[in-house]
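Here is the structure we will look at, set down as structure tokens.
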Amino acid sequence: MSGARMVNKGKLWVVSELFFPEETSTAYIMTKIAETLTREKKVHVICGDSSYQNSNLKTEARADHDQFEVTRVKSLSLNKDRLLQRILRLILLSIQLSYKLLTKSAKGDEVLIVTNPAPLVLLIVLVCKIKRMKCYAVVHDVFPENLVAAKLIKPDGLVYSCLKSLFDGAYSKMYSLFVIGRDMKIVFEHKLERFKTKPTINIVENWAETVAIHPDKEEGDLFLKEHGIKDKIVFQFAGNMGRVQGLLELCEVAAQVKNPLVHFMFIGDGAVKEDMKEFVSKKGMDNVSFINPMPRNMQNKFLNAANVGIVSLQSGMTGLGVPSKSYNILSAGNPILFIGSNDSEIAQMINENNVGWCFNIQDMDKLVSFLNGLSVKDIDDISNKGTRARDLAVNRYSEEIIMDKYLKLVVNGN
């Protein structure tokens with residue numbers, strides 16, 4: 001029997017705050033990874049009893065995989081929109097998930113987690129040490145550096161110093177980290193360079209849903225008609241309108257765009273949405289539309305309503321996150337307008353494959369000039385970049401390709 005098969009003796013515990021609900025990207029990603037790993041592993045999931053729970057998805061997953069077991073822990077019903085209540089809920093849920101793993105797992109088992117909620121990272125590493133289990137982590141957020149980028153703590157303060165020491169130590173005890181970009185790998189190499197023992201760091205990108213998301217101009221035109229948008233070059237931002245996307249700065253750019261062909265479409269919700277709407281209203285801007293959050297099963301329709309997808313990251317976010325929506329933008333056959341550092345994973349991908357445009361967040365004048373200079377004759381170039389984007393999604397970032405990476409790395413114990 002090969003070494004790849006020998007690791008299948010124990011269980012693989014997948015521990016995540018959320019599972020199955022398609023409305024949340026982390027839950028969707030962890031569900032897909034767990035489903036893939038059942039091909040070679042006996043998988044048991046431990047997760048929260050989320051209000052987003054979709055029982056149909058749960059039933060389908062169990063029916064598809066006879067080794068797929070789920071244990072849910074019931075968390076306190078606190079208001080997630082209130083910061084202190086949200087923090088309390090995540091701490092308590094992390095304790096519950098970790099305790100459940102401690103009581104149910106056995107020596108020789110393996111554990112796969114995602115790095116949010118952050119307290120789970122510290123506790124799961126402790127459980128794995130007690131039970132002598134390998135711990136794999138899918139890294140979506142780099143804590144506590146992401147708190148600095150969001151301006152929630154200061155980089156030279158005692159809180160940051162203590163948190164960094166705790167979390168760097170926890171990351172160093174893991175067996176393997178799955179980071180989602182080259183820039184993130186560099187961040188972790190610096191974080192862990194002082195440790196003698198450290199995990200392997202593997203790049204496993206987010207994937208494009210190339211079957212569900214595909215070019216469909218007719219469906220996109222219908223969406224534009226429903227929202228009263230006609231004969232425009234549509235730049236679309238779809239997703240969480242949070243503090244680390246630099247969206248208020250993007251609204252300031254939109255205010256300087258006088259090109260009648262250019263229209264900005266923002267789909268979603270988030271912490272800065274009301275501030276954005278207030279800014280647009282005060283400026284009397286008619287080149288911006290706000291649309292409420294859309295369910296995942298509407299992605300193909302609204303993504304095809306755009307000519308260009310917008311991906312933005314605030315200054316200081318390089319290596320701390322890779323927006324997963326980038327890959328479905330590619331899958332829809334749309335080029336990407338990226339606003340952020342040229343060192344980031346998305347900027348590198350765009351420049352290497354000519355599937356969009358990149359602008360440094362500190363140099364918005366160039367972006368304004370680019371947008372004001374667009375004309376009808378540029379539509380062919382946009383379309384050509386979109387064709388390359390679709391090809392890239394299919395040939396490098398399809399679900400099958402990315403899931404195969406996870407399967408090989410976990411099964412081979414890398």
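Identifiers in the structure tokens: chain A, B, ... in order shown; residue index from 1 per chain; ligand index from 1 in order shown.
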
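All residues of range 176-268 of chain A that DSSP, run on the backbone, classes as strand (DSSP E) are Ser176, Leu177, Phe178, Val179, Thr200, Ile201, Asn202, Ile203, Ile233, Val234, Phe235, Gln236, Phe237, Ala238, Val262, His263, Phe264, Met265, Phe266 and Ile267 of chain A.
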
Hey, what's within 9 Å of range 303-314 of chain A if we count only C-alpha atoms and toss same-chain stuff fewer than 3 positions away? As a PyMOL selection string, please? chain A and resi 149-150+213-224+232-238+243-247+250+265+298-300+317-318+321-323+325-326+328-330+332-341+346+356+361+379+382-383+386

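Of the listed residues (A:Leu112, A:Val139, A:Val14, A:Ile267), A:Val139 comes nearest to Asn202 in chain A; the distances count only C-alpha atoms.
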
In Å, how far is it from CA of Cys47 in chain A to CA of Gly268 in chain A?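 Separation between CA of Cys47 in chain A and CA of Gly268 in chain A: 25.7 Å.
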
As an exercise, work out the distance from CA of Asn360 in chain A to CA of His263 in chain A in Å and give it to one decimal place.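 CA of His263 in chain A lies at a distance of 20.8 Å from CA of Asn360 in chain A.
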
Just how far from CA of Ser324 in chain A is CA of Ile203 in chain A, in Å to one decimal?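 So the two atoms, CA of Ile203 in chain A and CA of Ser324 in chain A, lie 14.1 Å apart.
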
DSSP on the backbone: which residues in range 89-329 of chain A end up as helix (DSSP H, G or I)? Give the answer as a ChimeraX atom specification. /A:89-104,118-131,145-149,158-172,182-192,217-226,247-256,273-283,296-303,325-329

Could you turn the residues from that selection into a file that holds C-alpha atoms, as a CSV table (one decimal), in the first residue's frame?
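Okay, selection-v5.csv is ready:
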```csv
chain,number,residue,atom,x,y,z
A,89,ARG,CA,-20.3,35.0,19.7
A,90,LEU,CA,-17.2,34.0,17.8
A,91,ILE,CA,-15.2,33.4,20.9
A,92,LEU,CA,-17.9,31.2,22.5
A,93,LEU,CA,-18.5,29.3,19.3
A,94,SER,CA,-14.7,28.7,18.9
A,95,ILE,CA,-14.6,27.3,22.4
A,96,GLN,CA,-17.6,25.0,21.6
A,97,LEU,CA,-16.2,23.8,18.3
A,98,SER,CA,-12.7,23.1,19.9
A,99,TYR,CA,-14.2,21.3,22.8
A,100,LYS,CA,-16.3,19.1,20.5
A,101,LEU,CA,-13.2,18.2,18.5
A,102,LEU,CA,-11.3,17.5,21.8
A,103,THR,CA,-14.0,15.0,22.9
A,104,LYS,CA,-14.6,13.3,19.6
A,118,ALA,CA,-9.6,33.9,14.5
A,119,PRO,CA,-10.0,32.5,18.1
A,120,LEU,CA,-10.5,29.0,16.5
A,121,VAL,CA,-6.9,29.1,15.2
A,122,LEU,CA,-5.5,29.3,18.8
A,123,LEU,CA,-7.8,26.7,20.3
A,124,ILE,CA,-7.6,24.1,17.5
A,125,VAL,CA,-3.8,24.2,17.6
A,126,LEU,CA,-4.0,23.5,21.3
A,127,VAL,CA,-6.4,20.6,20.8
A,128,CYS,CA,-4.1,19.2,18.1
A,129,LYS,CA,-1.1,19.3,20.4
A,130,ILE,CA,-3.0,17.5,23.1
A,131,LYS,CA,-4.3,14.8,20.7
A,145,GLU,CA,-2.5,42.0,10.4
A,146,ASN,CA,-5.9,42.4,8.9
A,147,LEU,CA,-7.1,44.3,12.0
A,148,VAL,CA,-4.4,46.9,11.3
A,149,ALA,CA,-5.4,47.2,7.6
A,158,LEU,CA,0.6,46.5,22.8
A,159,VAL,CA,-2.6,44.8,21.6
A,160,TYR,CA,-1.2,44.1,18.2
A,161,SER,CA,2.2,43.0,19.6
A,162,CYS,CA,0.5,40.5,21.9
A,163,LEU,CA,-1.9,39.2,19.3
A,164,LYS,CA,0.8,38.8,16.7
A,165,SER,CA,3.0,36.8,19.1
A,166,LEU,CA,0.1,34.5,20.0
A,167,PHE,CA,-1.1,33.9,16.4
A,168,ASP,CA,2.4,33.6,14.8
A,169,GLY,CA,3.1,30.9,17.4
A,170,ALA,CA,-0.1,29.1,16.6
A,171,TYR,CA,0.5,29.2,12.8
A,172,SER,CA,4.0,27.8,13.4
A,182,ARG,CA,1.8,34.4,-3.8
A,183,ASP,CA,1.6,37.6,-1.9
A,184,MET,CA,0.1,35.8,1.1
A,185,LYS,CA,2.8,33.1,1.0
A,186,ILE,CA,5.4,35.9,1.3
A,187,VAL,CA,3.6,37.3,4.3
A,188,PHE,CA,3.6,34.0,6.1
A,189,GLU,CA,7.3,33.3,5.3
A,190,HIS,CA,8.1,36.5,7.1
A,191,LYS,CA,5.7,35.8,10.0
A,192,LEU,CA,7.3,32.4,10.6
A,217,LYS,CA,-25.0,38.2,-22.8
A,218,GLU,CA,-28.7,37.7,-23.2
A,219,GLU,CA,-29.1,37.1,-19.5
A,220,GLY,CA,-27.0,40.1,-18.6
A,221,ASP,CA,-28.9,42.4,-20.9
A,222,LEU,CA,-32.1,41.3,-19.2
A,223,PHE,CA,-30.7,42.3,-15.8
A,224,LEU,CA,-29.6,45.7,-17.2
A,225,LYS,CA,-33.1,46.3,-18.6
A,226,GLU,CA,-34.6,45.4,-15.2
A,247,LEU,CA,-15.0,51.8,-1.8
A,248,LEU,CA,-15.4,55.3,-0.5
A,249,GLU,CA,-12.3,56.3,-2.5
A,250,LEU,CA,-13.8,54.6,-5.5
A,251,CYS,CA,-16.9,56.8,-5.1
A,252,GLU,CA,-14.7,59.8,-5.2
A,253,VAL,CA,-13.2,58.5,-8.5
A,254,ALA,CA,-16.7,58.0,-9.9
A,255,ALA,CA,-17.6,61.6,-9.0
A,256,GLN,CA,-14.7,62.8,-11.3
A,273,LYS,CA,-22.7,51.1,1.9
A,274,GLU,CA,-24.7,53.9,3.6
A,275,ASP,CA,-21.7,56.2,3.5
A,276,MET,CA,-21.3,55.5,-0.2
A,277,LYS,CA,-25.0,56.2,-0.9
A,278,GLU,CA,-24.9,59.4,1.1
A,279,PHE,CA,-21.8,60.6,-0.9
A,280,VAL,CA,-23.4,59.8,-4.2
A,281,SER,CA,-26.6,61.5,-3.2
A,282,LYS,CA,-24.9,64.7,-2.0
A,283,LYS,CA,-22.9,64.9,-5.3
A,296,ARG,CA,-25.5,33.0,-5.2
A,297,ASN,CA,-27.9,31.3,-7.8
A,298,MET,CA,-28.2,34.8,-9.5
A,299,GLN,CA,-24.5,35.2,-10.0
A,300,ASN,CA,-24.5,34.3,-13.7
A,301,LYS,CA,-27.2,36.8,-14.4
A,302,PHE,CA,-25.7,39.9,-12.6
A,303,LEU,CA,-22.1,39.1,-13.5
A,325,LYS,CA,-15.0,36.9,-6.5
A,326,SER,CA,-12.1,37.6,-8.9
A,327,TYR,CA,-12.3,34.1,-10.3
A,328,ASN,CA,-16.0,34.2,-11.0
A,329,ILE,CA,-15.6,37.5,-12.8
```

Could you check the closest approach to Lys32 in chain A for each of A:Asn342, A:Gln85, A:Ser369, A:Asn206 and tell me which residue wins, using only C-alpha atoms?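 When distances to Lys32 in chain A are compared using only C-alpha atoms, the smallest one comes from A:Asn206.
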
So that I can see what lies close to Phe370 in chain A, please list as a PyMOL selection string the residues with an atom at most 12 Å from it, counting only C-alpha atoms and leaving out residues fewer than 4 positions away in the same chain. chain A and resi 253-254+256-259+262+337+357-359+363-366+374-375+378

Dump C-alpha atoms for the selected residues as a tab-separated table (two decimals), in the first residue's frame?
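That gives us part22.tsv:
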```tsv
chain	number	residue	atom	x	y	z
A	253	VAL	CA	-13.22	58.54	-8.45
A	254	ALA	CA	-16.72	58.03	-9.89
A	256	GLN	CA	-14.73	62.78	-11.27
A	257	VAL	CA	-15.76	60.60	-14.20
A	258	LYS	CA	-17.63	62.72	-16.76
A	259	ASN	CA	-17.66	60.08	-19.49
A	262	VAL	CA	-19.26	54.77	-18.01
A	337	LEU	CA	-10.42	46.45	-13.06
A	357	TRP	CA	-6.22	46.74	-15.81
A	358	CYS	CA	-4.45	47.56	-12.55
A	359	PHE	CA	-4.28	50.91	-10.78
A	363	ASP	CA	-2.72	57.10	-7.78
A	364	MET	CA	-6.39	57.61	-8.56
A	365	ASP	CA	-5.73	60.35	-11.13
A	366	LYS	CA	-4.60	57.71	-13.64
A	374	LEU	CA	-12.97	55.18	-22.77
A	375	SER	CA	-14.97	55.26	-25.99
A	378	ASP	CA	-12.53	50.34	-26.71
```

With distances taken over only C-alpha atoms, which of A:Val204, A:Ile113, A:Leu371, A:Ala137 is nearest to Met403 in chain A?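 Under the stated criterion, the closest residue is A:Val204.
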
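With only C-alpha atoms as the atoms that count, the residue of A:Ile291, A:Val272, A:Ala347, A:Val410 with the shortest distance to His227 in chain A is A:Ile291.
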